[in-house]
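K.L.:
Sharing protein32.cif here; it has mmCIF, N, CA and C atoms.
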data_coords
loop_
_atom_site.label_atom_id
_atom_site.label_comp_id
_atom_site.auth_asym_id
_atom_site.auth_seq_id
_atom_site.Cartn_x
_atom_site.Cartn_y
_atom_site.Cartn_z
N MET A 1 0.84 -1.16 0.00
CA MET A 1 0.00 0.00 0.00
C MET A 1 0.90 1.24 0.00
N LYS A 2 0.56 2.22 -0.84
CA LYS A 2 1.34 3.44 -0.96
C LYS A 2 0.46 4.66 -0.69
N LEU A 3 1.11 5.77 -0.42
CA LEU A 3 0.41 7.04 -0.18
C LEU A 3 0.08 7.73 -1.49
N ASP A 4 -1.04 8.42 -1.51
CA ASP A 4 -1.48 9.26 -2.62
C ASP A 4 -1.49 10.68 -2.07
N LEU A 5 -0.42 11.44 -2.35
CA LEU A 5 -0.28 12.79 -1.77
C LEU A 5 -0.84 13.85 -2.70
N ASP A 6 -1.63 14.74 -2.15
CA ASP A 6 -2.18 15.88 -2.89
C ASP A 6 -1.62 17.14 -2.25
N THR A 7 -0.92 17.95 -3.03
CA THR A 7 -0.23 19.11 -2.49
C THR A 7 -1.19 20.14 -1.89
N ALA A 8 -2.34 20.34 -2.50
CA ALA A 8 -3.30 21.31 -1.96
C ALA A 8 -3.90 20.81 -0.66
N HIS A 9 -4.20 19.52 -0.58
CA HIS A 9 -4.75 18.98 0.66
C HIS A 9 -3.76 19.17 1.81
N LEU A 10 -2.48 18.91 1.53
CA LEU A 10 -1.47 19.08 2.57
C LEU A 10 -1.37 20.53 3.00
N GLN A 11 -1.38 21.44 2.02
CA GLN A 11 -1.29 22.88 2.32
C GLN A 11 -2.48 23.32 3.17
N ILE A 12 -3.68 22.92 2.78
CA ILE A 12 -4.88 23.31 3.52
C ILE A 12 -4.85 22.73 4.93
N ALA A 13 -4.31 21.54 5.09
CA ALA A 13 -4.21 20.91 6.41
C ALA A 13 -3.22 21.61 7.31
N GLY A 14 -2.43 22.52 6.74
CA GLY A 14 -1.49 23.29 7.55
C GLY A 14 -0.15 22.61 7.77
N VAL A 15 0.15 21.60 6.97
CA VAL A 15 1.45 20.95 7.09
C VAL A 15 2.34 21.37 5.93
N ASP A 16 3.62 21.21 6.08
CA ASP A 16 4.58 21.55 5.04
C ASP A 16 4.66 20.38 4.06
N PRO A 17 4.14 20.55 2.82
CA PRO A 17 4.16 19.44 1.87
C PRO A 17 5.55 18.90 1.59
N ALA A 18 6.56 19.76 1.55
CA ALA A 18 7.93 19.30 1.30
C ALA A 18 8.42 18.40 2.43
N GLU A 19 8.07 18.75 3.65
CA GLU A 19 8.46 17.93 4.80
C GLU A 19 7.78 16.56 4.76
N VAL A 20 6.51 16.55 4.37
CA VAL A 20 5.78 15.28 4.25
C VAL A 20 6.44 14.41 3.18
N ILE A 21 6.81 15.02 2.06
CA ILE A 21 7.47 14.28 0.98
C ILE A 21 8.77 13.66 1.49
N GLN A 22 9.57 14.45 2.20
CA GLN A 22 10.85 13.93 2.70
C GLN A 22 10.66 12.80 3.71
N LYS A 23 9.68 12.93 4.60
CA LYS A 23 9.45 11.92 5.62
C LYS A 23 8.80 10.65 5.07
N ALA A 24 8.01 10.80 4.01
CA ALA A 24 7.25 9.65 3.48
C ALA A 24 7.91 8.99 2.28
N MET A 25 9.08 9.46 1.89
CA MET A 25 9.72 8.89 0.70
C MET A 25 9.86 7.39 0.86
N GLY A 26 9.59 6.69 -0.20
CA GLY A 26 9.60 5.23 -0.18
C GLY A 26 8.21 4.66 0.04
N ARG A 27 7.33 5.49 0.55
CA ARG A 27 5.94 5.06 0.75
C ARG A 27 4.97 5.81 -0.14
N ILE A 28 5.50 6.67 -1.03
CA ILE A 28 4.65 7.48 -1.91
C ILE A 28 4.39 6.73 -3.20
N GLY A 29 3.12 6.58 -3.54
CA GLY A 29 2.74 5.90 -4.78
C GLY A 29 2.50 6.87 -5.91
N VAL A 30 1.90 8.01 -5.61
CA VAL A 30 1.60 9.03 -6.61
C VAL A 30 1.49 10.38 -5.91
N VAL A 31 1.86 11.42 -6.64
CA VAL A 31 1.76 12.78 -6.13
C VAL A 31 0.85 13.58 -7.06
N HIS A 32 -0.13 14.26 -6.47
CA HIS A 32 -1.01 15.13 -7.23
C HIS A 32 -0.58 16.57 -7.00
N PHE A 33 -0.13 17.23 -8.05
CA PHE A 33 0.15 18.66 -7.97
C PHE A 33 -1.18 19.38 -8.17
N THR A 34 -1.71 19.85 -7.06
CA THR A 34 -2.95 20.61 -7.06
C THR A 34 -2.66 21.93 -6.36
N ASP A 35 -3.21 23.02 -6.88
CA ASP A 35 -2.94 24.33 -6.30
C ASP A 35 -4.15 24.86 -5.56
N THR A 36 -3.90 25.70 -4.56
CA THR A 36 -4.95 26.32 -3.77
C THR A 36 -4.46 27.63 -3.18
N ALA A 37 -5.39 28.51 -2.92
CA ALA A 37 -5.11 29.72 -2.16
C ALA A 37 -5.97 29.73 -0.90
N PHE A 38 -6.70 28.64 -0.69
CA PHE A 38 -7.67 28.53 0.39
C PHE A 38 -6.98 28.31 1.74
N VAL A 39 -7.50 28.99 2.76
CA VAL A 39 -7.08 28.78 4.14
C VAL A 39 -8.33 28.36 4.90
N ASP A 40 -8.31 27.19 5.49
CA ASP A 40 -9.50 26.67 6.18
C ASP A 40 -9.57 27.23 7.59
N ASP A 41 -10.11 28.44 7.70
CA ASP A 41 -10.25 29.07 9.00
C ASP A 41 -11.66 28.90 9.57
N GLN A 42 -12.47 28.07 8.91
CA GLN A 42 -13.84 27.84 9.36
C GLN A 42 -14.17 26.36 9.51
N GLU A 43 -13.14 25.53 9.55
CA GLU A 43 -13.30 24.08 9.69
C GLU A 43 -14.21 23.49 8.62
N ALA A 44 -13.98 23.90 7.39
CA ALA A 44 -14.76 23.39 6.26
C ALA A 44 -14.61 21.88 6.11
N TYR A 45 -13.49 21.35 6.58
CA TYR A 45 -13.27 19.91 6.45
C TYR A 45 -14.32 19.09 7.22
N LEU A 46 -15.02 19.72 8.14
CA LEU A 46 -16.06 19.03 8.91
C LEU A 46 -17.42 19.06 8.20
N GLN A 47 -17.55 19.85 7.15
CA GLN A 47 -18.82 19.98 6.45
C GLN A 47 -19.03 18.83 5.47
N PRO A 48 -20.28 18.57 5.10
CA PRO A 48 -20.55 17.48 4.15
C PRO A 48 -19.85 17.65 2.80
N LEU A 49 -19.70 18.88 2.32
CA LEU A 49 -19.03 19.15 1.05
C LEU A 49 -17.89 20.14 1.28
N PRO A 50 -16.77 19.69 1.82
CA PRO A 50 -15.70 20.62 2.18
C PRO A 50 -15.09 21.37 0.99
N GLU A 51 -15.25 20.86 -0.22
CA GLU A 51 -14.71 21.58 -1.38
C GLU A 51 -15.53 22.81 -1.72
N PHE A 52 -16.70 22.94 -1.10
CA PHE A 52 -17.58 24.10 -1.31
C PHE A 52 -17.98 24.64 0.06
N PRO A 53 -17.08 25.38 0.71
CA PRO A 53 -17.35 25.85 2.07
C PRO A 53 -18.66 26.63 2.18
N ALA A 54 -19.48 26.26 3.15
CA ALA A 54 -20.81 26.84 3.30
C ALA A 54 -20.79 28.33 3.63
N LYS A 55 -19.79 28.77 4.39
CA LYS A 55 -19.76 30.17 4.84
C LYS A 55 -19.02 31.10 3.89
N THR A 56 -18.48 30.59 2.82
CA THR A 56 -17.67 31.40 1.92
C THR A 56 -17.98 31.06 0.47
N ALA A 57 -18.14 32.08 -0.33
CA ALA A 57 -18.35 31.86 -1.77
C ALA A 57 -16.98 31.81 -2.44
N THR A 58 -16.33 30.68 -2.33
CA THR A 58 -14.99 30.54 -2.92
C THR A 58 -14.79 29.12 -3.41
N LYS A 59 -13.92 28.99 -4.35
CA LYS A 59 -13.50 27.66 -4.77
C LYS A 59 -12.24 27.33 -4.00
N VAL A 60 -12.16 26.11 -3.54
CA VAL A 60 -11.02 25.71 -2.74
C VAL A 60 -9.78 25.53 -3.60
N PHE A 61 -9.94 24.97 -4.78
CA PHE A 61 -8.79 24.65 -5.62
C PHE A 61 -8.63 25.63 -6.77
N ARG A 62 -7.41 25.75 -7.26
CA ARG A 62 -7.06 26.65 -8.38
C ARG A 62 -6.38 25.85 -9.46
N ASP A 63 -6.29 26.45 -10.63
CA ASP A 63 -5.48 25.83 -11.69
C ASP A 63 -4.01 25.93 -11.28
N ILE A 64 -3.21 25.07 -11.86
CA ILE A 64 -1.78 25.01 -11.55
C ILE A 64 -1.14 26.40 -11.73
N GLY A 65 -0.45 26.85 -10.68
CA GLY A 65 0.24 28.14 -10.74
C GLY A 65 -0.60 29.33 -10.31
N ASP A 66 -1.90 29.14 -10.05
CA ASP A 66 -2.78 30.24 -9.66
C ASP A 66 -3.02 30.31 -8.16
N GLY A 67 -2.43 29.41 -7.40
CA GLY A 67 -2.63 29.41 -5.95
C GLY A 67 -1.35 29.75 -5.20
N ARG A 68 -1.26 29.28 -3.97
CA ARG A 68 -0.12 29.58 -3.11
C ARG A 68 0.79 28.39 -2.83
N VAL A 69 0.49 27.24 -3.41
CA VAL A 69 1.34 26.07 -3.19
C VAL A 69 2.63 26.26 -3.97
N ASP A 70 3.76 26.12 -3.31
CA ASP A 70 5.07 26.30 -3.96
C ASP A 70 5.44 25.00 -4.69
N LEU A 71 4.86 24.84 -5.87
CA LEU A 71 5.05 23.62 -6.64
C LEU A 71 6.47 23.43 -7.13
N VAL A 72 7.19 24.51 -7.36
CA VAL A 72 8.59 24.40 -7.79
C VAL A 72 9.42 23.79 -6.66
N SER A 73 9.25 24.27 -5.45
CA SER A 73 9.99 23.70 -4.31
C SER A 73 9.62 22.24 -4.09
N LEU A 74 8.36 21.93 -4.29
CA LEU A 74 7.92 20.54 -4.11
C LEU A 74 8.50 19.65 -5.20
N TRP A 75 8.59 20.16 -6.42
CA TRP A 75 9.23 19.38 -7.49
C TRP A 75 10.69 19.10 -7.13
N LYS A 76 11.37 20.11 -6.64
CA LYS A 76 12.77 19.93 -6.24
C LYS A 76 12.88 18.92 -5.09
N ALA A 77 11.97 18.99 -4.13
CA ALA A 77 12.00 18.04 -3.00
C ALA A 77 11.79 16.61 -3.50
N LEU A 78 10.90 16.42 -4.46
CA LEU A 78 10.69 15.09 -5.03
C LEU A 78 11.96 14.57 -5.69
N LYS A 79 12.61 15.42 -6.44
CA LYS A 79 13.82 15.00 -7.16
C LYS A 79 14.96 14.74 -6.18
N GLU A 80 15.10 15.59 -5.15
CA GLU A 80 16.17 15.41 -4.17
C GLU A 80 16.03 14.11 -3.38
N THR A 81 14.80 13.66 -3.18
CA THR A 81 14.59 12.43 -2.44
C THR A 81 14.57 11.21 -3.36
N GLY A 82 14.75 11.42 -4.66
CA GLY A 82 14.83 10.31 -5.60
C GLY A 82 13.50 9.76 -6.08
N TYR A 83 12.43 10.50 -5.87
CA TYR A 83 11.11 10.04 -6.33
C TYR A 83 11.08 9.95 -7.86
N GLU A 84 10.66 8.80 -8.36
CA GLU A 84 10.57 8.60 -9.80
C GLU A 84 9.18 8.16 -10.22
N GLY A 85 8.22 8.30 -9.32
CA GLY A 85 6.85 7.87 -9.61
C GLY A 85 6.07 8.91 -10.40
N THR A 86 4.79 8.69 -10.45
CA THR A 86 3.88 9.53 -11.22
C THR A 86 3.57 10.83 -10.48
N VAL A 87 3.55 11.92 -11.26
CA VAL A 87 3.07 13.21 -10.76
C VAL A 87 1.90 13.60 -11.66
N VAL A 88 0.73 13.78 -11.06
CA VAL A 88 -0.48 14.16 -11.79
C VAL A 88 -0.71 15.64 -11.57
N PHE A 89 -0.94 16.36 -12.65
CA PHE A 89 -1.25 17.79 -12.56
C PHE A 89 -2.77 17.95 -12.57
N ASN A 90 -3.33 18.40 -11.44
CA ASN A 90 -4.78 18.56 -11.32
C ASN A 90 -5.18 20.00 -11.60
N CYS A 91 -6.03 20.19 -12.57
CA CYS A 91 -6.58 21.50 -12.90
C CYS A 91 -8.03 21.49 -12.45
N ARG A 92 -8.31 22.14 -11.34
CA ARG A 92 -9.64 21.99 -10.75
C ARG A 92 -10.37 23.32 -10.54
N ASN A 93 -10.02 24.34 -11.31
CA ASN A 93 -10.70 25.61 -11.14
C ASN A 93 -11.53 25.99 -12.35
N SER A 94 -10.97 25.87 -13.51
CA SER A 94 -11.63 26.31 -14.72
C SER A 94 -12.63 25.28 -15.23
N TYR A 95 -13.70 25.77 -15.81
CA TYR A 95 -14.66 24.87 -16.45
C TYR A 95 -14.29 24.64 -17.91
N ASP A 96 -13.24 25.31 -18.36
CA ASP A 96 -12.75 25.15 -19.73
C ASP A 96 -11.49 24.30 -19.69
N ILE A 97 -11.62 23.02 -19.98
CA ILE A 97 -10.51 22.10 -19.86
C ILE A 97 -9.33 22.50 -20.73
N TYR A 98 -9.60 23.03 -21.91
CA TYR A 98 -8.51 23.43 -22.81
C TYR A 98 -7.71 24.58 -22.23
N ARG A 99 -8.39 25.53 -21.61
CA ARG A 99 -7.69 26.64 -20.95
C ARG A 99 -6.84 26.12 -19.80
N SER A 100 -7.38 25.18 -19.04
CA SER A 100 -6.62 24.60 -17.92
C SER A 100 -5.37 23.87 -18.41
N ILE A 101 -5.51 23.13 -19.50
CA ILE A 101 -4.35 22.42 -20.06
C ILE A 101 -3.29 23.42 -20.51
N LEU A 102 -3.71 24.49 -21.17
CA LEU A 102 -2.75 25.51 -21.62
C LEU A 102 -2.07 26.19 -20.43
N ARG A 103 -2.82 26.49 -19.39
CA ARG A 103 -2.23 27.11 -18.20
C ARG A 103 -1.21 26.17 -17.54
N THR A 104 -1.55 24.89 -17.48
CA THR A 104 -0.64 23.92 -16.88
C THR A 104 0.63 23.80 -17.71
N ARG A 105 0.49 23.71 -19.01
CA ARG A 105 1.67 23.62 -19.90
C ARG A 105 2.54 24.85 -19.76
N SER A 106 1.90 26.02 -19.67
CA SER A 106 2.65 27.26 -19.49
C SER A 106 3.41 27.25 -18.18
N PHE A 107 2.77 26.78 -17.10
CA PHE A 107 3.44 26.70 -15.80
C PHE A 107 4.63 25.75 -15.87
N ILE A 108 4.45 24.60 -16.51
CA ILE A 108 5.55 23.64 -16.64
C ILE A 108 6.71 24.28 -17.39
N ASN A 109 6.41 24.92 -18.52
CA ASN A 109 7.46 25.54 -19.34
C ASN A 109 8.17 26.67 -18.59
N ARG A 110 7.39 27.50 -17.91
CA ARG A 110 7.90 28.71 -17.27
C ARG A 110 8.60 28.42 -15.94
N SER A 111 8.11 27.42 -15.19
CA SER A 111 8.58 27.24 -13.82
C SER A 111 9.26 25.90 -13.54
N LEU A 112 8.72 24.83 -14.05
CA LEU A 112 9.27 23.52 -13.71
C LEU A 112 10.43 23.09 -14.58
N ILE A 113 10.40 23.39 -15.87
CA ILE A 113 11.52 23.01 -16.73
C ILE A 113 12.81 23.69 -16.27
N PRO A 114 12.79 24.99 -15.93
CA PRO A 114 14.03 25.59 -15.40
C PRO A 114 14.48 24.94 -14.08
N ALA A 115 13.55 24.29 -13.37
CA ALA A 115 13.88 23.63 -12.10
C ALA A 115 14.28 22.17 -12.31
N GLY A 116 14.39 21.73 -13.58
CA GLY A 116 14.86 20.38 -13.85
C GLY A 116 13.81 19.38 -14.25
N TYR A 117 12.58 19.83 -14.47
CA TYR A 117 11.50 18.92 -14.89
C TYR A 117 11.80 18.34 -16.27
N THR A 118 11.63 17.04 -16.40
CA THR A 118 11.74 16.39 -17.70
C THR A 118 10.53 15.48 -17.87
N GLU A 119 10.14 15.32 -19.11
CA GLU A 119 8.96 14.48 -19.38
C GLU A 119 9.37 13.09 -19.76
#
Let me see the structure of the file written as structure tokens.

P.N.:
Amino acid sequence: MKLDLDTAHLQIAGVDPAEVIQKAMGRIGVVHFTDTAFVDDQEAYLQPLPEFPAKTATKVFRDIGDGRVDLVSLWKALKETGYEGTVVFNCRNSYDIYRSILRTRSFINRSLIPAGYTE
């Protein structure tokens, strides 16, 4: 059994995603690069639909590069620990899938390739 890590979930939970990656290396099965700018200051995780907080008109998740998750540092942490598994890029903000794909590709080209990302 392996871990399925989601970067936005870790960020919202208030833990350092890079630290989790370093501590869990060897037990990680897949990493989801998901972005968020959300801060759970209302315990939305206790609600029936935590992705749609009842007290706030906001989306919890953002397209890649539009939130506050430091995905470049997390990419570097994965490489430094020798992770060679799957990284899934989750685009969960836009209703236009083509726009989300273009934004993700732009983020990869602009930010991850200079940090050593290879396909």

K.L.:
Can you list, as a list in words, every protein, DNA or RNA residue that comes within 6.5 Å of A:Asp66 when you count all atoms listed in the file, leaving out same-chain residues fewer than 5 positions away?

P.N.:
Asp35, Thr36 and Ala37 of chain A

K.L.:
Create the file for the chosen residues now, containing N, CA and C atoms and written as a PDB file, in the coordinates of the input.

P.N.:
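Saved to part_29.pdb:
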ATOM      1  N   ASP A  35      -3.210  23.020  -6.880  1.00  0.00           N
ATOM      2  CA  ASP A  35      -2.940  24.330  -6.300  1.00  0.00           C
ATOM      3  C   ASP A  35      -4.150  24.860  -5.560  1.00  0.00           C
ATOM      4  N   THR A  36      -3.900  25.700  -4.560  1.00  0.00           N
ATOM      5  CA  THR A  36      -4.950  26.320  -3.770  1.00  0.00           C
ATOM      6  C   THR A  36      -4.460  27.630  -3.180  1.00  0.00           C
ATOM      7  N   ALA A  37      -5.390  28.510  -2.920  1.00  0.00           N
ATOM      8  CA  ALA A  37      -5.110  29.720  -2.160  1.00  0.00           C
ATOM      9  C   ALA A  37      -5.970  29.730  -0.900  1.00  0.00           C
TER      10      ALA A  37
END

K.L.:
Would you please give, as a VMD selection string, all residues of chain A that DSSP assigns to helix (DSSP H, G or I) based on the backbone?

P.N.:
chain A and resid 7 to 12 17 to 24 44 to 46 71 to 80 97 to 115

K.L.:
At a cut-off of 8 Å, can you tabulate as JSON lines every residue of stretch 10-83 of chain A near stretch 90-101 of chain A together with its closest atom pair and the distance in Å to one decimal, using only N, CA and C atoms and ordering rows by chain then number?

P.N.:
{"residue": "A:Val31", "atom": "C", "partner": "A:Asn90", "partner_atom": "N", "distance": 7.7}
{"residue": "A:His32", "atom": "C", "partner": "A:Asn90", "partner_atom": "N", "distance": 5.5}
{"residue": "A:Phe33", "atom": "C", "partner": "A:Asn90", "partner_atom": "N", "distance": 4.0}
{"residue": "A:Thr34", "atom": "N", "partner": "A:Asn90", "partner_atom": "N", "distance": 4.9}
{"residue": "A:Asp35", "atom": "N", "partner": "A:Asn90", "partner_atom": "C", "distance": 5.9}
{"residue": "A:Lys59", "atom": "CA", "partner": "A:Asn93", "partner_atom": "CA", "distance": 7.3}
{"residue": "A:Val60", "atom": "C", "partner": "A:Arg92", "partner_atom": "C", "distance": 7.3}
{"residue": "A:Phe61", "atom": "C", "partner": "A:Arg92", "partner_atom": "C", "distance": 4.8}
{"residue": "A:Arg62", "atom": "C", "partner": "A:Asn93", "partner_atom": "N", "distance": 4.4}
{"residue": "A:Asp63", "atom": "N", "partner": "A:Asn93", "partner_atom": "N", "distance": 4.3}
{"residue": "A:Ile64", "atom": "N", "partner": "A:Cys91", "partner_atom": "CA", "distance": 5.0}

K.L.:
Selected by the PyMOL selection byres (((chain A and resi 115 and name CA) around 12) and name CA) in the shown coordinates: which residues, as a ChimeraX atom specification?

P.N.:
/A:71-80,107-114,116-118

K.L.:
Padding 4 Å on each side, edges along x, y and z: where is the centre of the box around the listed atoms of stretch 44-63 of chain A, and how long are its edges in Å to one decimal? Output it as JSON.

P.N.:
{"center_x": -12.4, "center_y": 24.8, "center_z": -1.4, "size_x": 24.8, "size_y": 22.6, "size_z": 28.6}

K.L.:
Among stretch 27-71 of chain A, which ones does DSSP place in strand (DSSP E or B), written as a VMD selection string?

P.N.:
chain A and resid 28 to 33 35 to 36 61 to 62

K.L.:
Select, from A:Gln47, A:Gln42, A:Thr81, A:Gln11, the residue with the minimum atom-to-atom distance to A:Lys23, counting only C-alpha atoms.

P.N.:
A:Thr81
